[in-house]
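Heads up: the structure comes next, in structure tokens.
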Amino acid sequence: MTPTIRPLTAVFAGEVSGIDITQPLNAEQVAAIEAGMDRYGVLVFHDQPFTDEQQKAFSRNFGELEHTAGGNVTKPSEKRLDPYMADVSNLGLDHKPLARDDRKRMFNLGNQLWHSDSSFRAVPAKYSLLSGRVTVEKGGQTQFADMRAAYDALDDETKAQIEDLICEHSLIYSRGLLGFDDLTAEELAMFKPVRQRFVRTHPVTGRKSMYLSSHAGKIIGWPVPEARAFLRDLTEFATQPQFVYAHTWKQYDLVMWDNRTLLHRVTRFDDTKVRDMRRTTIAGDAVTVAQLAA
């Protein structure tokens, strides 16, 4: 059966029905989902009780899975999930909520900042697919902001100003915004900044978008304070309510989004409660700009 997509907002985001994505898909179904992603940027699937293997199998319809190494401070011996499943939960190896002062928990609080997954990698991610295995009743929404619509709303002067800008992205910058600077020499090397274009063009639709993220801490050729003030102002502009869809999770929702065109963040919740969220990420296939040595 070909899936049906219903728009969730006037600007972007769609709700998909008429398909069981825990089972193998045919080429027509995969093409319909890809076309939906190109149009809506975010797709919501309800009642999809995935196992990890089923989630990975569905994700591989859209490209290679991104390895999670280099995206957190969790040691390999502390990981609950396999290397191709990002653990976006608040849980430790014992499957219980992490302590308030746990280093992994404090690092993961950065997910409450507006960001694009893996913009801190030289080759940034294409899609993210997040499965709500255990959700919370209050808070813990995932908010999405459409950087295509935000770009379209800019005045011509600002569009010209940002057209050729190059930014540096790193987890060092986003975690530093929260005061998390307790990084080892090994982590500092792992989180070495990479360069990304500020304005990206979608390879299918041709629409332009701003590649903003809390991971962006510098604009090449600009004084750092000026760059950060400028990035802050544009982020505030781009995350106004008219550009935002907020997803309230139900158990077994699967939400899929395009990191090339959207920002997202999680809202606060009572993290003494179990929230088990598991993400697969589709790797990108090209750098956004020549990666020059720092």
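Letters A, B, ... mark the chains of the structure tokens in the order given; residue numbers begin at 1 per chain; ligand numbers begin at 1, in order shown.
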For range 186-266 of chain A against range 168-174 of chain A, with a cut-off of 12 Å and counting only C-alpha atoms, what is the closest atom pair and its distance in Å to one decimal for every residue that makes the cut, ordered by chain and number, as CSV?
residue,atom,partner,partner_atom,distance
A:Glu187,CA,A:Ile172,CA,9.1
A:Leu188,CA,A:Ile172,CA,7.4
A:Ala189,CA,A:Ile172,CA,10.2
A:Met190,CA,A:Leu171,CA,9.4
A:Phe191,CA,A:Ser170,CA,5.9
A:Lys192,CA,A:Ser170,CA,6.5
A:Pro193,CA,A:Ser170,CA,4.7
A:Val194,CA,A:Glu168,CA,5.4
A:Arg195,CA,A:Glu168,CA,4.5
A:Gln196,CA,A:Glu168,CA,6.4
A:Arg197,CA,A:Glu168,CA,8.9
A:Phe198,CA,A:Glu168,CA,9.6
A:Tyr211,CA,A:His169,CA,10.4
A:Leu212,CA,A:His169,CA,9.5
A:Ser213,CA,A:His169,CA,7.9
A:Ser214,CA,A:Ser174,CA,5.0
A:His215,CA,A:Ser174,CA,4.6
A:Ala216,CA,A:His169,CA,4.2
A:Gly217,CA,A:Tyr173,CA,5.5
A:Lys218,CA,A:Glu168,CA,5.1
A:Ile219,CA,A:Glu168,CA,6.3
A:Ile220,CA,A:Glu168,CA,7.2
A:Gly221,CA,A:Glu168,CA,10.9
A:Trp222,CA,A:Glu168,CA,11.3
A:Val224,CA,A:Glu168,CA,10.8
A:Ala227,CA,A:Glu168,CA,10.5
A:Arg228,CA,A:Tyr173,CA,10.3
A:Leu231,CA,A:Glu168,CA,11.6
Distance table requested - range 267-293 of chain A against range 123-142 of chain A, cut-off 6 Å, only C-alpha atoms: one row per qualifying residue with the closest atom pair and its distance in Å to one decimal, ordered by chain and rising residue number, as a Markdown table.
| residue | atom | partner | partner_atom | distance |
| --- | --- | --- | --- | --- |
| A:Thr267 | CA | A:Gly140 | CA | 4.9 |
| A:Arg268 | CA | A:Gly140 | CA | 5.6 |
| A:Phe269 | CA | A:Gly139 | CA | 4.5 |
| A:Arg275 | CA | A:Thr135 | CA | 5.1 |
| A:Asp276 | CA | A:Val134 | CA | 4.8 |
| A:Met277 | CA | A:Gly132 | CA | 4.9 |
| A:Arg278 | CA | A:Ser131 | CA | 5.3 |
| A:Arg279 | CA | A:Leu130 | CA | 4.3 |
| A:Thr280 | CA | A:Leu129 | CA | 5.2 |
| A:Thr281 | CA | A:Ser128 | CA | 4.4 |
| A:Ile282 | CA | A:Tyr127 | CA | 5.0 |
| A:Ala283 | CA | A:Ala125 | CA | 4.6 |
| A:Gly284 | CA | A:Ala125 | CA | 4.5 |
| A:Ala286 | CA | A:Val123 | CA | 5.6 |
| A:Val287 | CA | A:Val123 | CA | 4.7 |
Could you give me the residues within range 16-258 of chain A that DSSP places in strand (DSSP E or B), as a PDB file with N, CA and C atoms, in the first residue's frame?
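Writing done, so here's result_26.pdb:
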ATOM      1  N   VAL A  16       2.100  10.435   8.504  1.00  0.00           N
ATOM      2  CA  VAL A  16       2.000   9.351   7.536  1.00  0.00           C
ATOM      3  C   VAL A  16       1.078   8.257   8.070  1.00  0.00           C
ATOM      4  N   SER A  17       0.231   7.747   7.207  1.00  0.00           N
ATOM      5  CA  SER A  17      -0.645   6.632   7.576  1.00  0.00           C
ATOM      6  C   SER A  17      -0.692   5.639   6.426  1.00  0.00           C
ATOM      7  N   VAL A  42       9.743  16.863   7.881  1.00  0.00           N
ATOM      8  CA  VAL A  42       9.491  16.012   9.048  1.00  0.00           C
ATOM      9  C   VAL A  42       8.316  15.098   8.725  1.00  0.00           C
ATOM     10  N   LEU A  43       8.481  13.803   8.990  1.00  0.00           N
ATOM     11  CA  LEU A  43       7.371  12.861   8.848  1.00  0.00           C
ATOM     12  C   LEU A  43       7.166  12.127  10.168  1.00  0.00           C
ATOM     13  N   VAL A  44       5.888  12.010  10.557  1.00  0.00           N
ATOM     14  CA  VAL A  44       5.502  11.354  11.806  1.00  0.00           C
ATOM     15  C   VAL A  44       4.756  10.061  11.476  1.00  0.00           C
ATOM     16  N   PHE A  45       5.218   8.963  12.044  1.00  0.00           N
ATOM     17  CA  PHE A  45       4.570   7.659  11.903  1.00  0.00           C
ATOM     18  C   PHE A  45       4.122   7.201  13.290  1.00  0.00           C
ATOM     19  N   LEU A  65      23.884   3.863   7.444  1.00  0.00           N
ATOM     20  CA  LEU A  65      23.745   4.311   8.822  1.00  0.00           C
ATOM     21  C   LEU A  65      25.031   4.989   9.288  1.00  0.00           C
ATOM     22  N   ALA A  86      21.907   5.550  18.185  1.00  0.00           N
ATOM     23  CA  ALA A  86      22.201   6.627  19.128  1.00  0.00           C
ATOM     24  C   ALA A  86      21.210   6.555  20.284  1.00  0.00           C
ATOM     25  N   ASP A  87      21.733   6.516  21.485  1.00  0.00           N
ATOM     26  CA  ASP A  87      20.909   6.418  22.683  1.00  0.00           C
ATOM     27  C   ASP A  87      20.546   7.834  23.136  1.00  0.00           C
ATOM     28  N   LEU A  91      18.911   7.120  30.233  1.00  0.00           N
ATOM     29  CA  LEU A  91      19.132   5.879  30.959  1.00  0.00           C
ATOM     30  C   LEU A  91      20.593   5.436  30.942  1.00  0.00           C
ATOM     31  N   PRO A  97      17.103   5.832  35.140  1.00  0.00           N
ATOM     32  CA  PRO A  97      17.507   7.210  34.859  1.00  0.00           C
ATOM     33  C   PRO A  97      18.859   7.550  35.474  1.00  0.00           C
ATOM     34  N   HIS A 115      19.556  22.570  17.342  1.00  0.00           N
ATOM     35  CA  HIS A 115      20.734  22.029  16.656  1.00  0.00           C
ATOM     36  C   HIS A 115      20.316  21.182  15.462  1.00  0.00           C
ATOM     37  N   TYR A 127      19.328  12.233   7.204  1.00  0.00           N
ATOM     38  CA  TYR A 127      18.104  12.083   7.989  1.00  0.00           C
ATOM     39  C   TYR A 127      18.418  11.573   9.392  1.00  0.00           C
ATOM     40  N   SER A 128      17.531  11.885  10.328  1.00  0.00           N
ATOM     41  CA  SER A 128      17.490  11.235  11.644  1.00  0.00           C
ATOM     42  C   SER A 128      16.132  10.575  11.795  1.00  0.00           C
ATOM     43  N   LEU A 129      16.115   9.420  12.470  1.00  0.00           N
ATOM     44  CA  LEU A 129      14.880   8.668  12.694  1.00  0.00           C
ATOM     45  C   LEU A 129      14.833   8.293  14.162  1.00  0.00           C
ATOM     46  N   LEU A 130      13.891   8.872  14.888  1.00  0.00           N
ATOM     47  CA  LEU A 130      13.824   8.717  16.339  1.00  0.00           C
ATOM     48  C   LEU A 130      12.585   7.914  16.723  1.00  0.00           C
ATOM     49  N   SER A 131      12.823   6.848  17.481  1.00  0.00           N
ATOM     50  CA  SER A 131      11.759   5.938  17.913  1.00  0.00           C
ATOM     51  C   SER A 131      11.491   6.128  19.396  1.00  0.00           C
ATOM     52  N   GLY A 132      10.228   6.376  19.732  1.00  0.00           N
ATOM     53  CA  GLY A 132       9.842   6.542  21.133  1.00  0.00           C
ATOM     54  C   GLY A 132       9.442   5.216  21.740  1.00  0.00           C
ATOM     55  N   ARG A 133      10.392   4.549  22.393  1.00  0.00           N
ATOM     56  CA  ARG A 133      10.104   3.237  22.973  1.00  0.00           C
ATOM     57  C   ARG A 133       9.357   3.370  24.297  1.00  0.00           C
ATOM     58  N   VAL A 134       9.784   4.306  25.144  1.00  0.00           N
ATOM     59  CA  VAL A 134       9.064   4.653  26.377  1.00  0.00           C
ATOM     60  C   VAL A 134       9.043   6.169  26.448  1.00  0.00           C
ATOM     61  N   GLY A 139       6.052  17.135  29.137  1.00  0.00           N
ATOM     62  CA  GLY A 139       7.323  17.618  28.617  1.00  0.00           C
ATOM     63  C   GLY A 139       7.920  16.630  27.633  1.00  0.00           C
ATOM     64  N   THR A 142       9.618  17.078  21.079  1.00  0.00           N
ATOM     65  CA  THR A 142      10.678  17.438  20.144  1.00  0.00           C
ATOM     66  C   THR A 142      10.139  18.544  19.247  1.00  0.00           C
ATOM     67  N   GLN A 143      10.803  19.686  19.272  1.00  0.00           N
ATOM     68  CA  GLN A 143      10.405  20.827  18.449  1.00  0.00           C
ATOM     69  C   GLN A 143      11.289  20.885  17.210  1.00  0.00           C
ATOM     70  N   PHE A 144      10.671  21.219  16.079  1.00  0.00           N
ATOM     71  CA  PHE A 144      11.381  21.338  14.814  1.00  0.00           C
ATOM     72  C   PHE A 144      11.152  22.720  14.236  1.00  0.00           C
ATOM     73  N   ALA A 145      12.200  23.297  13.653  1.00  0.00           N
ATOM     74  CA  ALA A 145      12.097  24.604  13.011  1.00  0.00           C
ATOM     75  C   ALA A 145      12.556  24.481  11.560  1.00  0.00           C
ATOM     76  N   ASP A 146      11.757  24.996  10.652  1.00  0.00           N
ATOM     77  CA  ASP A 146      11.992  24.863   9.213  1.00  0.00           C
ATOM     78  C   ASP A 146      12.917  25.980   8.737  1.00  0.00           C
ATOM     79  N   ILE A 166      30.987  30.884   5.900  1.00  0.00           N
ATOM     80  CA  ILE A 166      31.401  29.562   6.350  1.00  0.00           C
ATOM     81  C   ILE A 166      31.479  29.604   7.873  1.00  0.00           C
ATOM     82  N   CYS A 167      30.874  28.603   8.522  1.00  0.00           N
ATOM     83  CA  CYS A 167      30.887  28.532   9.984  1.00  0.00           C
ATOM     84  C   CYS A 167      31.713  27.345  10.455  1.00  0.00           C
ATOM     85  N   GLU A 168      32.210  27.449  11.668  1.00  0.00           N
ATOM     86  CA  GLU A 168      32.820  26.306  12.347  1.00  0.00           C
ATOM     87  C   GLU A 168      31.794  25.687  13.292  1.00  0.00           C
ATOM     88  N   HIS A 169      31.684  24.357  13.239  1.00  0.00           N
ATOM     89  CA  HIS A 169      30.754  23.623  14.100  1.00  0.00           C
ATOM     90  C   HIS A 169      31.539  22.643  14.969  1.00  0.00           C
ATOM     91  N   VAL A 194      34.757  21.581  12.586  1.00  0.00           N
ATOM     92  CA  VAL A 194      34.718  21.399  11.135  1.00  0.00           C
ATOM     93  C   VAL A 194      34.013  22.604  10.532  1.00  0.00           C
ATOM     94  N   ARG A 195      34.189  22.773   9.238  1.00  0.00           N
ATOM     95  CA  ARG A 195      33.607  23.928   8.553  1.00  0.00           C
ATOM     96  C   ARG A 195      32.393  23.506   7.728  1.00  0.00           C
ATOM     97  N   GLN A 196      31.348  24.334   7.782  1.00  0.00           N
ATOM     98  CA  GLN A 196      30.121  24.088   7.037  1.00  0.00           C
ATOM     99  C   GLN A 196      29.635  25.380   6.387  1.00  0.00           C
ATOM    100  N   ARG A 197      29.050  25.245   5.221  1.00  0.00           N
ATOM    101  CA  ARG A 197      28.405  26.393   4.584  1.00  0.00           C
ATOM    102  C   ARG A 197      27.245  26.869   5.438  1.00  0.00           C
ATOM    103  N   VAL A 199      24.677  28.711   4.081  1.00  0.00           N
ATOM    104  CA  VAL A 199      23.491  28.553   3.234  1.00  0.00           C
ATOM    105  C   VAL A 199      23.635  27.256   2.451  1.00  0.00           C
ATOM    106  N   ARG A 200      22.645  26.381   2.575  1.00  0.00           N
ATOM    107  CA  ARG A 200      22.660  25.112   1.855  1.00  0.00           C
ATOM    108  C   ARG A 200      21.504  25.076   0.852  1.00  0.00           C
ATOM    109  N   THR A 201      21.711  24.365  -0.230  1.00  0.00           N
ATOM    110  CA  THR A 201      20.684  24.197  -1.249  1.00  0.00           C
ATOM    111  C   THR A 201      20.285  22.731  -1.308  1.00  0.00           C
ATOM    112  N   LYS A 208      16.718  26.869  -0.748  1.00  0.00           N
ATOM    113  CA  LYS A 208      17.820  27.251   0.118  1.00  0.00           C
ATOM    114  C   LYS A 208      17.348  27.254   1.568  1.00  0.00           C
ATOM    115  N   SER A 209      18.305  27.003   2.472  1.00  0.00           N
ATOM    116  CA  SER A 209      18.006  27.033   3.901  1.00  0.00           C
ATOM    117  C   SER A 209      19.234  27.507   4.656  1.00  0.00           C
ATOM    118  N   MET A 210      19.000  27.998   5.867  1.00  0.00           N
ATOM    119  CA  MET A 210      20.109  28.374   6.744  1.00  0.00           C
ATOM    120  C   MET A 210      20.577  27.149   7.513  1.00  0.00           C
ATOM    121  N   ALA A 216      27.412  25.640  16.021  1.00  0.00           N
ATOM    122  CA  ALA A 216      28.140  26.669  15.269  1.00  0.00           C
ATOM    123  C   ALA A 216      28.641  27.743  16.225  1.00  0.00           C
ATOM    124  N   GLY A 217      29.968  27.900  16.298  1.00  0.00           N
ATOM    125  CA  GLY A 217      30.531  28.855  17.247  1.00  0.00           C
ATOM    126  C   GLY A 217      31.389  29.932  16.635  1.00  0.00           C
ATOM    127  N   LYS A 218      31.681  29.809  15.341  1.00  0.00           N
ATOM    128  CA  LYS A 218      32.506  30.813  14.669  1.00  0.00           C
ATOM    129  C   LYS A 218      32.021  30.994  13.238  1.00  0.00           C
ATOM    130  N   ILE A 219      32.240  32.196  12.726  1.00  0.00           N
ATOM    131  CA  ILE A 219      32.100  32.480  11.301  1.00  0.00           C
ATOM    132  C   ILE A 219      33.483  32.853  10.802  1.00  0.00           C
ATOM    133  N   VAL A 244       7.783  26.679  13.477  1.00  0.00           N
ATOM    134  CA  VAL A 244       8.034  25.559  14.393  1.00  0.00           C
ATOM    135  C   VAL A 244       6.861  24.577  14.426  1.00  0.00           C
ATOM    136  N   TYR A 245       7.188  23.290  14.425  1.00  0.00           N
ATOM    137  CA  TYR A 245       6.244  22.212  14.737  1.00  0.00           C
ATOM    138  C   TYR A 245       6.756  21.504  15.985  1.00  0.00           C
ATOM    139  N   ALA A 246       5.885  21.322  16.988  1.00  0.00           N
ATOM    140  CA  ALA A 246       6.248  20.641  18.233  1.00  0.00           C
ATOM    141  C   ALA A 246       5.554  19.286  18.274  1.00  0.00           C
ATOM    142  N   HIS A 247       6.351  18.226  18.358  1.00  0.00           N
ATOM    143  CA  HIS A 247       5.785  16.878  18.388  1.00  0.00           C
ATOM    144  C   HIS A 247       5.644  16.398  19.822  1.00  0.00           C
ATOM    145  N   LEU A 254       7.410   7.025  15.507  1.00  0.00           N
ATOM    146  CA  LEU A 254       8.702   7.161  14.824  1.00  0.00           C
ATOM    147  C   LEU A 254       8.652   8.488  14.091  1.00  0.00           C
ATOM    148  N   VAL A 255       9.595   9.367  14.388  1.00  0.00           N
ATOM    149  CA  VAL A 255       9.665  10.662  13.718  1.00  0.00           C
ATOM    150  C   VAL A 255      10.970  10.732  12.936  1.00  0.00           C
ATOM    151  N   MET A 256      10.838  11.140  11.694  1.00  0.00           N
ATOM    152  CA  MET A 256      11.954  11.172  10.745  1.00  0.00           C
ATOM    153  C   MET A 256      12.100  12.603  10.250  1.00  0.00           C
ATOM    154  N   TRP A 257      13.323  13.135  10.242  1.00  0.00           N
ATOM    155  CA  TRP A 257      13.494  14.509   9.792  1.00  0.00           C
ATOM    156  C   TRP A 257      14.787  14.678   8.996  1.00  0.00           C
ATOM    157  N   ASP A 258      14.824  15.782   8.253  1.00  0.00           N
ATOM    158  CA  ASP A 258      15.932  16.096   7.361  1.00  0.00           C
ATOM    159  C   ASP A 258      16.840  17.114   8.048  1.00  0.00           C
TER     160      ASP A 258
END
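All residues of protein, DNA or RNA that reach within 6 Å of range 47-51 of chain A, judged by only C-alpha atoms and not counting those fewer than 4 positions away in the chain, are Thr22, Gln55, Tyr252 and Asp253 of chain A.
Closest to Thr272 in chain A among A:Asn90, A:Thr4, A:Gln54, A:Ser59 is A:Asn90, based on only C-alpha atoms.
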Would you mind listing what lies within 10 Å of Arg105 in chain A as a list in words, with only C-alpha atoms counted and same-chain residues fewer than 2 positions away left out?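 Counting only C-alpha atoms, the residues come to Val73, Thr74, Ser89, Asn90, Leu91, Gly92, Pro97, Leu98, Ala99, Arg100, Asp101, Asp102, Arg103, Phe107, Asn108, Leu109, Gly110 and Asp271 of chain A.
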With C-alpha atoms retained, export the selected residues as an mmCIF file, in the first residue's frame.
data_model
loop_
_atom_site.group_PDB
_atom_site.id
_atom_site.type_symbol
_atom_site.label_atom_id
_atom_site.label_comp_id
_atom_site.auth_asym_id
_atom_site.auth_seq_id
_atom_site.Cartn_x
_atom_site.Cartn_y
_atom_site.Cartn_z
ATOM 1 C CA VAL A 73 31.246 11.406 25.973
ATOM 2 C CA THR A 74 29.889 7.936 26.715
ATOM 3 C CA SER A 89 17.392 8.356 26.408
ATOM 4 C CA ASN A 90 18.090 9.403 29.982
ATOM 5 C CA LEU A 91 19.132 5.879 30.959
ATOM 6 C CA GLY A 92 22.304 4.164 32.083
ATOM 7 C CA PRO A 97 17.507 7.210 34.859
ATOM 8 C CA LEU A 98 20.979 8.707 35.178
ATOM 9 C CA ALA A 99 21.874 10.586 38.354
ATOM 10 C CA ARG A 100 21.486 14.352 38.230
ATOM 11 C CA ASP A 101 25.257 14.900 38.345
ATOM 12 C CA ASP A 102 26.112 12.109 35.908
ATOM 13 C CA ARG A 103 28.560 13.382 33.298
ATOM 14 C CA PHE A 107 26.499 16.469 28.323
ATOM 15 C CA ASN A 108 23.184 15.313 26.851
ATOM 16 C CA LEU A 109 21.407 18.403 28.182
ATOM 17 C CA GLY A 110 22.824 20.015 25.046
ATOM 18 C CA ASP A 271 14.137 12.956 33.969
#
Please report, as a PyMOL selection string, each residue of range 23-113 of chain A to which DSSP assigns helix (DSSP H, G or I) when run on this structure's backbone. chain A and resi 27-40+52-62+76-78+103-112
If you count only C-alpha atoms, which residues fall within 12 Å of Thr2 in chain A, apart from same-chain ones fewer than 6 positions away, as an mmCIF file with C-alpha atoms, in the first residue's frame?
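Saved the output as around_8.cif:
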data_model
loop_
_atom_site.group_PDB
_atom_site.id
_atom_site.type_symbol
_atom_site.label_atom_id
_atom_site.label_comp_id
_atom_site.auth_asym_id
_atom_site.auth_seq_id
_atom_site.Cartn_x
_atom_site.Cartn_y
_atom_site.Cartn_z
ATOM 1 C CA VAL A 16 2.000 9.351 7.536
ATOM 2 C CA SER A 17 -0.645 6.632 7.576
ATOM 3 C CA GLY A 18 -1.434 3.475 5.679
ATOM 4 C CA ILE A 19 1.936 1.782 6.057
ATOM 5 C CA ASP A 20 3.678 -0.563 8.494
ATOM 6 C CA ILE A 21 7.317 0.514 8.452
ATOM 7 C CA LEU A 25 9.110 -1.890 2.084
ATOM 8 C CA ASN A 26 8.867 -1.984 -1.681
ATOM 9 C CA ALA A 27 10.494 0.571 -3.984
ATOM 10 C CA GLU A 28 7.252 2.515 -4.452
ATOM 11 C CA GLN A 29 6.791 2.944 -0.701
ATOM 12 C CA VAL A 30 10.400 4.059 -0.205
ATOM 13 C CA ALA A 31 10.049 6.590 -3.039
ATOM 14 C CA ALA A 32 6.833 7.964 -1.517
ATOM 15 C CA ILE A 33 8.530 8.492 1.845
ATOM 16 C CA GLY A 36 7.399 13.251 1.520
#
Taking only C-alpha atoms into account, name the residue in A:Leu263, A:Ile162, A:Val274, A:Ala13 that is nearest to Asp38 in chain A.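 Once distances to Asp38 in chain A are computed over only C-alpha atoms, the minimum belongs to A:Ala13.
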Work out how far apart CA of Asp156 in chain A and CA of Val289 in chain A are and give it in Å to one decimal.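 Computing it gives 23.2 Å between the two atoms.
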In Å, with one decimal, what is the gap from CA of Leu177 in chain A to CA of Arg265 in chain A? 14.6 Å
Determine the nearest neighbour of Gln251 in chain A from the options A:Phe237, A:Arg207, A:His46, A:Phe180, counting only C-alpha atoms. A:His46
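Using only C-alpha atoms, the smallest distance between any of A:Gly71, A:Tyr84, A:Gln112, A:Glu78 and Glu53 in chain A comes from A:Tyr84.
Considering only C-alpha atoms, the residue among A:Arg6, A:Lys104, A:Lys159, A:Arg121 positioned nearest to Lys79 in chain A is A:Lys104.
Reported to one decimal place, the separation of CA of Arg175 in chain A from CA of Gly70 in chain A is 14.1 Å.
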